[in-house]
Structures are given as C-alpha cells and as structure tokens.
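Remarks on the structure that follows.
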Amino acid sequence: MRLSRRAHLLLRLAVGVGLAFIYIPLIVIAIYAFNASSVTKWPPSGLTLDWFPRAVEDEFAREALLTSLKAGVVATAIALLLGTLASLAVARHRFFGRETISFLVVLPIALPGIVTGVAISNTFTQVLGVDLSLLTVIIGHATFCIVVVYNNAVARLRRVSTSFEEASADLGAHTWQTFRFVTFPGMKSALIAGGLLAFALSFDEIIVTNFTIGAGEETLPIWIFSNLFRPHELPVVNAVAVLVILISIVPVYLAHRLGAEQGGATGGRAAGGGVETESTAIP
C-alpha cells in the first residue's frame, strides 16, 4: 500500500511520539544515575560515575539480584515445560474443550497482578498453610511466564505442517523419536525466544512478588522499591535501575532476533511469512 507524503509524515510523527512516550522517562532515569549530587533535581548539577561502583558493592542489592536470577531461571524452566506440553496438546490434538483450555492458559497474563498475587498468597498461607518463600514467588511468576512460552510455541506449531510428523510415524518412529527429531527442532527457536521473554518478565516483576515473597527476602525490583523513598539511597537506586534496564534488554533483544530470523527462514512455507505472533502477541 502506497501512502501519500502527508500520510507518511503523519505516520512518522505518530511513531516518534509513541517512542518518546515510552523512552523519555527511561532516559531521565539514566541521566539521574550520573547525577553528581545526592539531591535529585533537574537539570543535574554535574555528572559522575561514582554511583555505579556503590551500586555494585551494595551487599543487599547483590543478594536481591541473586534472588531475582534464581526466581527467573526456575520460573522459566517451569514455564518451558508446562507451556510446551500445553501447546502440543492444543496445536496437535483435537478434543472437547480445546479452545477453553487455550483461553484458560492465556488468561493469567490478562489478570491484574494484584489479583494474582493476593490469590496465590491466600492459597498458600490460608488454604495450604505454607509460609511464603522464594518457592511461592517462583510459582507466582510461573503462572504468567507459561503464557509467554505457550504463545510462542503454539504459534510456531500452527505454522508448521504436520506432514513431517505423520511421515515420521509412517516410517516407524515412536512418539518420543518423532518429537525429538521432527517436532522439537521445528519449535526450538520459538521455545528459546519464549524462555528469554519469560525470564525478562520474571526478573522485572514486582506486584505478584510483593504478595508472595517471604519475610527477610527481596528480589531486585522489591529492593529498588524499598529504597526509592530514602533520599540518601536514591542515587544508588537510579544506578541500579539503569543496570536492570541493560540486563532486561538482552533477553528481549535476543528473543526478538530469534523470532525475526525464524520468520524470515520460514516465510516461504508459512502463510503470511511473518513473525506476527511468536515473540509478543497473544492469540
């Protein structure tokens, strides 16, 4: 579709406004992280790198980072397992209630985080009588991480023909051989992309974490929120926030590249030939 010059300019302007709306606050935080003064004011009185070594040396921040990494890795592993199984069931089999199951799998990511957090907290503490801990945080994160993995996996499976799997079965391969040598290679990049996005979501999550974490434990987002209103710690918090942004960019960028490369590689076989659902969309 060809656009007029005016429409082209308006489209560029809209894109610029949208990007500015998203990224100007992040740029402001980055500038504050280099503020030479411990007093937050605009514009900064000077620039310094002193806050970054202090952020790295902060023992509580390092422990919170380690907790976030543990929660993210385990929640992602759970999401990869359950999300893959759910996607295989929905995309490769027909049964009563299939669409209902698909809806129930993706529903948690649409629910407000505070609802999910309260529900999980009450279930563990009041129904099961289990104390809140890192385990409850991991389970809480896995509820929405599964959605990301499922979306990526089911989108890929719907684009890949079942003829190869049928041919494998006709040649005598049993179910696990077909999965290992035919199905899994076709969906591997989608699972990697989904896992990276799931880890990024878990690493940055704060609302569900706040309701499911045990006493005396902190993830990095919880640590940032706890120190945000302490004036003497605010410059260090800004530096940590910049480091979190940089860490979060890596898995999201890799997931995007994987989805784009696979979309280009399969464009001749798949209807539409794009990456419209594998990295971000909800069916």
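Identifiers in the structure tokens: chain A, B, ... in order shown; residue index from 1 per chain; ligand index from 1 in order shown.
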
Could you give me, as JSON lines, every stretch 52-123 of chain A residue with an atom at most 12 Å from stretch 127-145 of chain A, plus its closest atom pair and distance in Å to one decimal, counting only C-alpha atoms, rows ordered by chain then number?
{"residue": "A:Ala64", "atom": "CA", "partner": "A:Leu134", "partner_atom": "CA", "distance": 11.5}
{"residue": "A:Leu66", "atom": "CA", "partner": "A:Leu134", "partner_atom": "CA", "distance": 11.5}
{"residue": "A:Thr67", "atom": "CA", "partner": "A:Leu134", "partner_atom": "CA", "distance": 7.9}
{"residue": "A:Ser68", "atom": "CA", "partner": "A:Leu134", "partner_atom": "CA", "distance": 9.5}
{"residue": "A:Leu69", "atom": "CA", "partner": "A:Ile138", "partner_atom": "CA", "distance": 10.7}
{"residue": "A:Lys70", "atom": "CA", "partner": "A:Ile138", "partner_atom": "CA", "distance": 8.5}
{"residue": "A:Ala71", "atom": "CA", "partner": "A:Ile138", "partner_atom": "CA", "distance": 5.2}
{"residue": "A:Gly72", "atom": "CA", "partner": "A:Ile138", "partner_atom": "CA", "distance": 7.4}
{"residue": "A:Val73", "atom": "CA", "partner": "A:Ile138", "partner_atom": "CA", "distance": 9.0}
{"residue": "A:Val74", "atom": "CA", "partner": "A:Ile138", "partner_atom": "CA", "distance": 6.7}
{"residue": "A:Ala75", "atom": "CA", "partner": "A:Ala142", "partner_atom": "CA", "distance": 4.7}
{"residue": "A:Thr76", "atom": "CA", "partner": "A:Cys145", "partner_atom": "CA", "distance": 6.5}
{"residue": "A:Ala77", "atom": "CA", "partner": "A:Ala142", "partner_atom": "CA", "distance": 8.6}
{"residue": "A:Ile78", "atom": "CA", "partner": "A:Ala142", "partner_atom": "CA", "distance": 6.4}
{"residue": "A:Ala79", "atom": "CA", "partner": "A:Cys145", "partner_atom": "CA", "distance": 5.6}
{"residue": "A:Leu80", "atom": "CA", "partner": "A:Cys145", "partner_atom": "CA", "distance": 8.4}
{"residue": "A:Leu81", "atom": "CA", "partner": "A:Ala142", "partner_atom": "CA", "distance": 10.5}
{"residue": "A:Leu82", "atom": "CA", "partner": "A:Ala142", "partner_atom": "CA", "distance": 9.4}
{"residue": "A:Gly83", "atom": "CA", "partner": "A:Cys145", "partner_atom": "CA", "distance": 8.5}
{"residue": "A:Thr84", "atom": "CA", "partner": "A:Cys145", "partner_atom": "CA", "distance": 11.7}
{"residue": "A:Leu104", "atom": "CA", "partner": "A:Thr143", "partner_atom": "CA", "distance": 11.1}
{"residue": "A:Val105", "atom": "CA", "partner": "A:Thr143", "partner_atom": "CA", "distance": 8.8}
{"residue": "A:Val106", "atom": "CA", "partner": "A:Phe144", "partner_atom": "CA", "distance": 8.0}
{"residue": "A:Leu107", "atom": "CA", "partner": "A:Phe144", "partner_atom": "CA", "distance": 8.6}
{"residue": "A:Pro108", "atom": "CA", "partner": "A:Phe144", "partner_atom": "CA", "distance": 5.7}
{"residue": "A:Ile109", "atom": "CA", "partner": "A:Phe144", "partner_atom": "CA", "distance": 5.2}
{"residue": "A:Ala110", "atom": "CA", "partner": "A:Phe144", "partner_atom": "CA", "distance": 8.9}
{"residue": "A:Leu111", "atom": "CA", "partner": "A:Phe144", "partner_atom": "CA", "distance": 9.4}
{"residue": "A:Pro112", "atom": "CA", "partner": "A:Phe144", "partner_atom": "CA", "distance": 11.0}
{"residue": "A:Gly113", "atom": "CA", "partner": "A:Phe144", "partner_atom": "CA", "distance": 9.5}
{"residue": "A:Ile114", "atom": "CA", "partner": "A:Gly140", "partner_atom": "CA", "distance": 11.1}
{"residue": "A:Val115", "atom": "CA", "partner": "A:Gly140", "partner_atom": "CA", "distance": 11.2}
{"residue": "A:Thr116", "atom": "CA", "partner": "A:Gly140", "partner_atom": "CA", "distance": 7.6}
{"residue": "A:Gly117", "atom": "CA", "partner": "A:Gly140", "partner_atom": "CA", "distance": 7.0}
{"residue": "A:Val118", "atom": "CA", "partner": "A:Gly140", "partner_atom": "CA", "distance": 10.1}
{"residue": "A:Ala119", "atom": "CA", "partner": "A:Gly140", "partner_atom": "CA", "distance": 9.6}
{"residue": "A:Ile120", "atom": "CA", "partner": "A:Gly140", "partner_atom": "CA", "distance": 6.7}
{"residue": "A:Ser121", "atom": "CA", "partner": "A:Leu132", "partner_atom": "CA", "distance": 7.4}
{"residue": "A:Asn122", "atom": "CA", "partner": "A:Val127", "partner_atom": "CA", "distance": 6.8}
{"residue": "A:Thr123", "atom": "CA", "partner": "A:Val127", "partner_atom": "CA", "distance": 5.0}

Output file for the residues above (N, CA and C atoms, as a CSV table (one decimal), in the first residue's frame):
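Resulting contents of result-v7.csv:
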chain,number,residue,atom,x,y,z
A,64,ALA,N,19.7,-9.3,46.4
A,64,ALA,CA,18.4,-9.2,45.7
A,64,ALA,C,18.5,-9.6,44.3
A,66,LEU,N,20.7,-11.8,43.0
A,66,LEU,CA,20.8,-13.3,43.0
A,66,LEU,C,19.4,-13.9,43.2
A,67,THR,N,18.6,-13.4,44.1
A,67,THR,CA,17.3,-13.9,44.3
A,67,THR,C,16.4,-13.8,43.1
A,68,SER,N,16.5,-12.6,42.4
A,68,SER,CA,15.8,-12.4,41.1
A,68,SER,C,16.2,-13.4,40.1
A,69,LEU,N,17.5,-13.7,40.0
A,69,LEU,CA,18.0,-14.6,39.0
A,69,LEU,C,17.5,-16.0,39.3
A,70,LYS,N,17.5,-16.4,40.5
A,70,LYS,CA,17.1,-17.7,40.9
A,70,LYS,C,15.6,-17.9,40.6
A,71,ALA,N,14.8,-16.9,40.9
A,71,ALA,CA,13.3,-16.9,40.7
A,71,ALA,C,13.1,-17.0,39.2
A,72,GLY,N,13.8,-16.2,38.4
A,72,GLY,CA,13.6,-16.1,37.0
A,72,GLY,C,14.0,-17.4,36.3
A,73,VAL,N,15.1,-18.0,36.6
A,73,VAL,CA,15.6,-19.2,36.0
A,73,VAL,C,14.6,-20.4,36.3
A,74,VAL,N,14.2,-20.5,37.5
A,74,VAL,CA,13.3,-21.7,37.8
A,74,VAL,C,11.9,-21.5,37.3
A,75,ALA,N,11.4,-20.2,37.4
A,75,ALA,CA,10.1,-20.0,36.8
A,75,ALA,C,10.1,-20.2,35.3
A,76,THR,N,11.2,-19.8,34.6
A,76,THR,CA,11.3,-20.0,33.2
A,76,THR,C,11.3,-21.5,32.9
A,77,ALA,N,12.1,-22.3,33.7
A,77,ALA,CA,12.2,-23.7,33.4
A,77,ALA,C,10.8,-24.4,33.6
A,78,ILE,N,10.0,-24.0,34.6
A,78,ILE,CA,8.7,-24.5,34.8
A,78,ILE,C,7.8,-24.1,33.6
A,79,ALA,N,7.9,-22.8,33.2
A,79,ALA,CA,7.1,-22.3,32.1
A,79,ALA,C,7.4,-23.1,30.8
A,80,LEU,N,8.7,-23.4,30.5
A,80,LEU,CA,9.1,-24.1,29.3
A,80,LEU,C,8.5,-25.5,29.3
A,81,LEU,N,8.5,-26.1,30.4
A,81,LEU,CA,8.0,-27.5,30.5
A,81,LEU,C,6.4,-27.5,30.3
A,82,LEU,N,5.7,-26.7,31.1
A,82,LEU,CA,4.3,-26.7,31.1
A,82,LEU,C,3.7,-26.0,29.8
A,83,GLY,N,4.4,-25.0,29.4
A,83,GLY,CA,3.9,-24.3,28.2
A,83,GLY,C,4.1,-25.1,27.0
A,84,THR,N,5.2,-25.8,26.9
A,84,THR,CA,5.4,-26.7,25.7
A,84,THR,C,4.4,-27.8,25.7
A,104,LEU,N,-7.9,-20.5,29.0
A,104,LEU,CA,-7.5,-20.6,30.4
A,104,LEU,C,-6.0,-20.4,30.6
A,105,VAL,N,-5.3,-20.9,29.6
A,105,VAL,CA,-3.8,-20.9,29.7
A,105,VAL,C,-3.4,-19.4,29.6
A,106,VAL,N,-4.0,-18.7,28.6
A,106,VAL,CA,-3.5,-17.3,28.4
A,106,VAL,C,-4.1,-16.3,29.4
A,107,LEU,N,-5.2,-16.7,30.1
A,107,LEU,CA,-5.9,-15.7,31.0
A,107,LEU,C,-5.0,-15.1,32.0
A,108,PRO,N,-4.1,-15.8,32.7
A,108,PRO,CA,-3.4,-15.2,33.8
A,108,PRO,C,-2.6,-13.9,33.4
A,109,ILE,N,-2.1,-13.8,32.2
A,109,ILE,CA,-1.4,-12.6,31.8
A,109,ILE,C,-2.3,-11.4,31.7
A,110,ALA,N,-3.6,-11.6,31.5
A,110,ALA,CA,-4.5,-10.5,31.4
A,110,ALA,C,-5.1,-10.1,32.7
A,111,LEU,N,-4.9,-10.9,33.7
A,111,LEU,CA,-5.5,-10.6,35.1
A,111,LEU,C,-4.6,-9.5,35.7
A,112,PRO,N,-5.1,-8.6,36.5
A,112,PRO,CA,-4.3,-7.7,37.2
A,112,PRO,C,-3.3,-8.4,38.2
A,113,GLY,N,-2.1,-8.0,38.2
A,113,GLY,CA,-1.1,-8.6,39.0
A,113,GLY,C,-1.4,-8.7,40.5
A,114,ILE,N,-2.1,-7.7,41.0
A,114,ILE,CA,-2.5,-7.7,42.4
A,114,ILE,C,-3.5,-8.8,42.7
A,115,VAL,N,-4.4,-9.1,41.7
A,115,VAL,CA,-5.3,-10.2,41.9
A,115,VAL,C,-4.6,-11.5,42.0
A,116,THR,N,-3.7,-11.7,41.0
A,116,THR,CA,-2.9,-13.0,41.0
A,116,THR,C,-2.1,-13.1,42.3
A,117,GLY,N,-1.5,-12.0,42.7
A,117,GLY,CA,-0.6,-12.0,44.0
A,117,GLY,C,-1.5,-12.4,45.2
A,118,VAL,N,-2.6,-11.7,45.4
A,118,VAL,CA,-3.5,-12.0,46.5
A,118,VAL,C,-4.0,-13.4,46.5
A,119,ALA,N,-4.4,-13.9,45.3
A,119,ALA,CA,-4.9,-15.2,45.2
A,119,ALA,C,-3.9,-16.3,45.6
A,120,ILE,N,-2.7,-16.1,45.1
A,120,ILE,CA,-1.6,-17.1,45.4
A,120,ILE,C,-1.2,-17.0,46.8
A,121,SER,N,-1.1,-15.8,47.4
A,121,SER,CA,-0.7,-15.7,48.8
A,121,SER,C,-1.8,-16.3,49.7
A,122,ASN,N,-3.1,-16.1,49.4
A,122,ASN,CA,-4.1,-16.7,50.3
A,122,ASN,C,-4.1,-18.2,50.1
A,123,THR,N,-3.9,-18.7,48.9
A,123,THR,CA,-3.9,-20.1,48.7
A,123,THR,C,-2.8,-20.8,49.5

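Each of A:Ile213, A:Leu26, A:Ala33, A:Val252 was checked against A:Asn238 using only C-alpha atoms; the smallest atom-to-atom distance is that of A:Ala33.
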
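Rounded to one decimal, atom CA of A:Leu234 and atom CA of A:Pro251 lie 26.7 Å from each other.
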
Picked from stretch 18-139 of chain A by DSSP as alpha helix (DSSP H), as a count of residues only: 82

Excluding A:Phe34 and its own-chain neighbours fewer than 5 positions away, which residues fall within 7 Å of it when counting only C-alpha atoms? Please give them as a short mmCIF file (atom, residue, chain, number, x, y, z; two decimals) with C-alpha atoms, in the first residue's frame.
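Okay, this is what ended up in out.cif:
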data_model
loop_
_atom_site.label_atom_id
_atom_site.label_comp_id
_atom_site.auth_asym_id
_atom_site.auth_seq_id
_atom_site.Cartn_x
_atom_site.Cartn_y
_atom_site.Cartn_z
CA LEU A 47 27.81 14.23 36.13
CA THR A 48 29.71 11.39 37.82
CA LEU A 49 30.21 7.62 37.63
#

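The nearest approach to A:Ser248 among the residues A:Leu196, A:Phe184, A:Ile206, A:Gly172, with only C-alpha atoms taken into account, belongs to A:Leu196.
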
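From atom CA of A:Ser102 back to atom CA of A:Val90, the distance works out to 6.9 Å.
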
Contacts of stretch 51-59 of chain A within 8 Å, only C-alpha atoms, excl. fewer than 6 positions in-chain, as number ranges by chain: A: 33-34, 235-237, 239-240

Those same residues - N, CA, C and O atoms - I'd like them written as a PDB file, in the first residue's frame.
ATOM      1  N   ALA A  33      21.076   8.791  37.059  1.00  0.00           N
ATOM      2  CA  ALA A  33      22.056   7.830  37.564  1.00  0.00           C
ATOM      3  C   ALA A  33      23.470   8.387  37.523  1.00  0.00           C
ATOM      4  O   ALA A  33      24.350   7.922  38.256  1.00  0.00           O
ATOM      5  N   PHE A  34      23.702   9.400  36.673  1.00  0.00           N
ATOM      6  CA  PHE A  34      25.020  10.041  36.577  1.00  0.00           C
ATOM      7  C   PHE A  34      25.066  11.375  37.313  1.00  0.00           C
ATOM      8  O   PHE A  34      26.036  12.119  37.187  1.00  0.00           O
ATOM      9  N   PRO A 235      20.311   8.001  44.634  1.00  0.00           N
ATOM     10  CA  PRO A 235      21.271   7.936  43.519  1.00  0.00           C
ATOM     11  C   PRO A 235      21.719   6.512  43.209  1.00  0.00           C
ATOM     12  O   PRO A 235      21.903   6.146  42.041  1.00  0.00           O
ATOM     13  N   VAL A 236      21.900   5.695  44.253  1.00  0.00           N
ATOM     14  CA  VAL A 236      22.283   4.300  44.050  1.00  0.00           C
ATOM     15  C   VAL A 236      21.142   3.537  43.392  1.00  0.00           C
ATOM     16  O   VAL A 236      21.363   2.697  42.508  1.00  0.00           O
ATOM     17  N   VAL A 237      19.910   3.830  43.813  1.00  0.00           N
ATOM     18  CA  VAL A 237      18.742   3.193  43.207  1.00  0.00           C
ATOM     19  C   VAL A 237      18.665   3.517  41.720  1.00  0.00           C
ATOM     20  O   VAL A 237      18.380   2.647  40.889  1.00  0.00           O
ATOM     21  N   ALA A 239      21.148   4.193  39.744  1.00  0.00           N
ATOM     22  CA  ALA A 239      22.202   3.431  39.077  1.00  0.00           C
ATOM     23  C   ALA A 239      21.801   1.970  38.915  1.00  0.00           C
ATOM     24  O   ALA A 239      22.009   1.365  37.854  1.00  0.00           O
ATOM     25  N   VAL A 240      21.209   1.390  39.951  1.00  0.00           N
ATOM     26  CA  VAL A 240      20.736   0.008  39.859  1.00  0.00           C
ATOM     27  C   VAL A 240      19.645  -0.111  38.805  1.00  0.00           C
ATOM     28  O   VAL A 240      19.600  -1.086  38.045  1.00  0.00           O
TER      29      VAL A 240
END

Shortest interatomic distance to A:Thr178 - which of A:Phe124, A:Phe203, A:Phe164, A:Phe211, counting only C-alpha atoms: A:Phe164

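The spacing separating atom CA of A:Ser38 from atom CA of A:Ala20 amounts to 27.0 Å.
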
Long-range neighbours of A:Pro221 as number ranges by chain, 9 Å cut-off, only C-alpha atoms, 2 positions minimum in chain: A: 64-65, 68, 203-206, 209, 218-219, 223-226, 241, 244

Expected file contents, prior selection, N, CA and C atoms, as a PDB file, in the first residue's frame:
ATOM      1  N   ALA A  64      19.729  -9.326  46.415  1.00  0.00           N
ATOM      2  CA  ALA A  64      18.429  -9.193  45.731  1.00  0.00           C
ATOM      3  C   ALA A  64      18.549  -9.607  44.260  1.00  0.00           C
ATOM      4  N   LEU A  65      19.671  -9.243  43.641  1.00  0.00           N
ATOM      5  CA  LEU A  65      19.907  -9.648  42.254  1.00  0.00           C
ATOM      6  C   LEU A  65      19.979 -11.163  42.136  1.00  0.00           C
ATOM      7  N   SER A  68      16.527 -12.617  42.385  1.00  0.00           N
ATOM      8  CA  SER A  68      15.784 -12.413  41.137  1.00  0.00           C
ATOM      9  C   SER A  68      16.223 -13.400  40.062  1.00  0.00           C
ATOM     10  N   PHE A 203      12.125 -11.465  35.897  1.00  0.00           N
ATOM     11  CA  PHE A 203      13.193 -10.669  36.505  1.00  0.00           C
ATOM     12  C   PHE A 203      12.695  -9.288  36.924  1.00  0.00           C
ATOM     13  N   ASP A 204      11.784  -8.697  36.154  1.00  0.00           N
ATOM     14  CA  ASP A 204      11.317  -7.336  36.415  1.00  0.00           C
ATOM     15  C   ASP A 204      10.042  -7.281  37.248  1.00  0.00           C
ATOM     16  N   GLU A 205       9.421  -8.417  37.563  1.00  0.00           N
ATOM     17  CA  GLU A 205       8.097  -8.422  38.193  1.00  0.00           C
ATOM     18  C   GLU A 205       8.167  -7.953  39.647  1.00  0.00           C
ATOM     19  N   ILE A 206       7.185  -7.136  40.037  1.00  0.00           N
ATOM     20  CA  ILE A 206       7.183  -6.625  41.413  1.00  0.00           C
ATOM     21  C   ILE A 206       5.846  -6.834  42.115  1.00  0.00           C
ATOM     22  N   THR A 209       5.264 -10.472  43.121  1.00  0.00           N
ATOM     23  CA  THR A 209       6.359 -10.762  44.053  1.00  0.00           C
ATOM     24  C   THR A 209       6.075 -10.176  45.428  1.00  0.00           C
ATOM     25  N   GLU A 218      14.228 -10.459  49.385  1.00  0.00           N
ATOM     26  CA  GLU A 218      13.964  -9.391  48.437  1.00  0.00           C
ATOM     27  C   GLU A 218      14.452  -9.778  47.050  1.00  0.00           C
ATOM     28  N   THR A 219      13.636  -9.511  46.054  1.00  0.00           N
ATOM     29  CA  THR A 219      14.133  -9.545  44.685  1.00  0.00           C
ATOM     30  C   THR A 219      14.637  -8.145  44.353  1.00  0.00           C
ATOM     31  N   TRP A 223      13.781  -4.559  46.132  1.00  0.00           N
ATOM     32  CA  TRP A 223      14.843  -3.749  46.744  1.00  0.00           C
ATOM     33  C   TRP A 223      14.788  -2.319  46.219  1.00  0.00           C
ATOM     34  N   ILE A 224      14.612  -2.164  44.927  1.00  0.00           N
ATOM     35  CA  ILE A 224      14.533  -0.825  44.340  1.00  0.00           C
ATOM     36  C   ILE A 224      13.351  -0.064  44.932  1.00  0.00           C
ATOM     37  N   PHE A 225      12.202  -0.699  45.007  1.00  0.00           N
ATOM     38  CA  PHE A 225      11.013  -0.029  45.542  1.00  0.00           C
ATOM     39  C   PHE A 225      11.197   0.326  47.011  1.00  0.00           C
ATOM     40  N   SER A 226      11.844  -0.543  47.773  1.00  0.00           N
ATOM     41  CA  SER A 226      12.033  -0.295  49.206  1.00  0.00           C
ATOM     42  C   SER A 226      12.959   0.883  49.463  1.00  0.00           C
ATOM     43  N   ALA A 241      18.761   0.876  38.745  1.00  0.00           N
ATOM     44  CA  ALA A 241      17.680   0.853  37.749  1.00  0.00           C
ATOM     45  C   ALA A 241      18.243   0.828  36.330  1.00  0.00           C
ATOM     46  N   VAL A 244      19.492  -2.621  35.663  1.00  0.00           N
ATOM     47  CA  VAL A 244      18.358  -3.523  35.417  1.00  0.00           C
ATOM     48  C   VAL A 244      17.840  -3.359  33.992  1.00  0.00           C
TER      49      VAL A 244
END

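With distances restricted to only C-alpha atoms, A:Val182 is the closest residue to A:Ser161 from A:Val182, A:Ile101, A:Ala86, A:Ile247.
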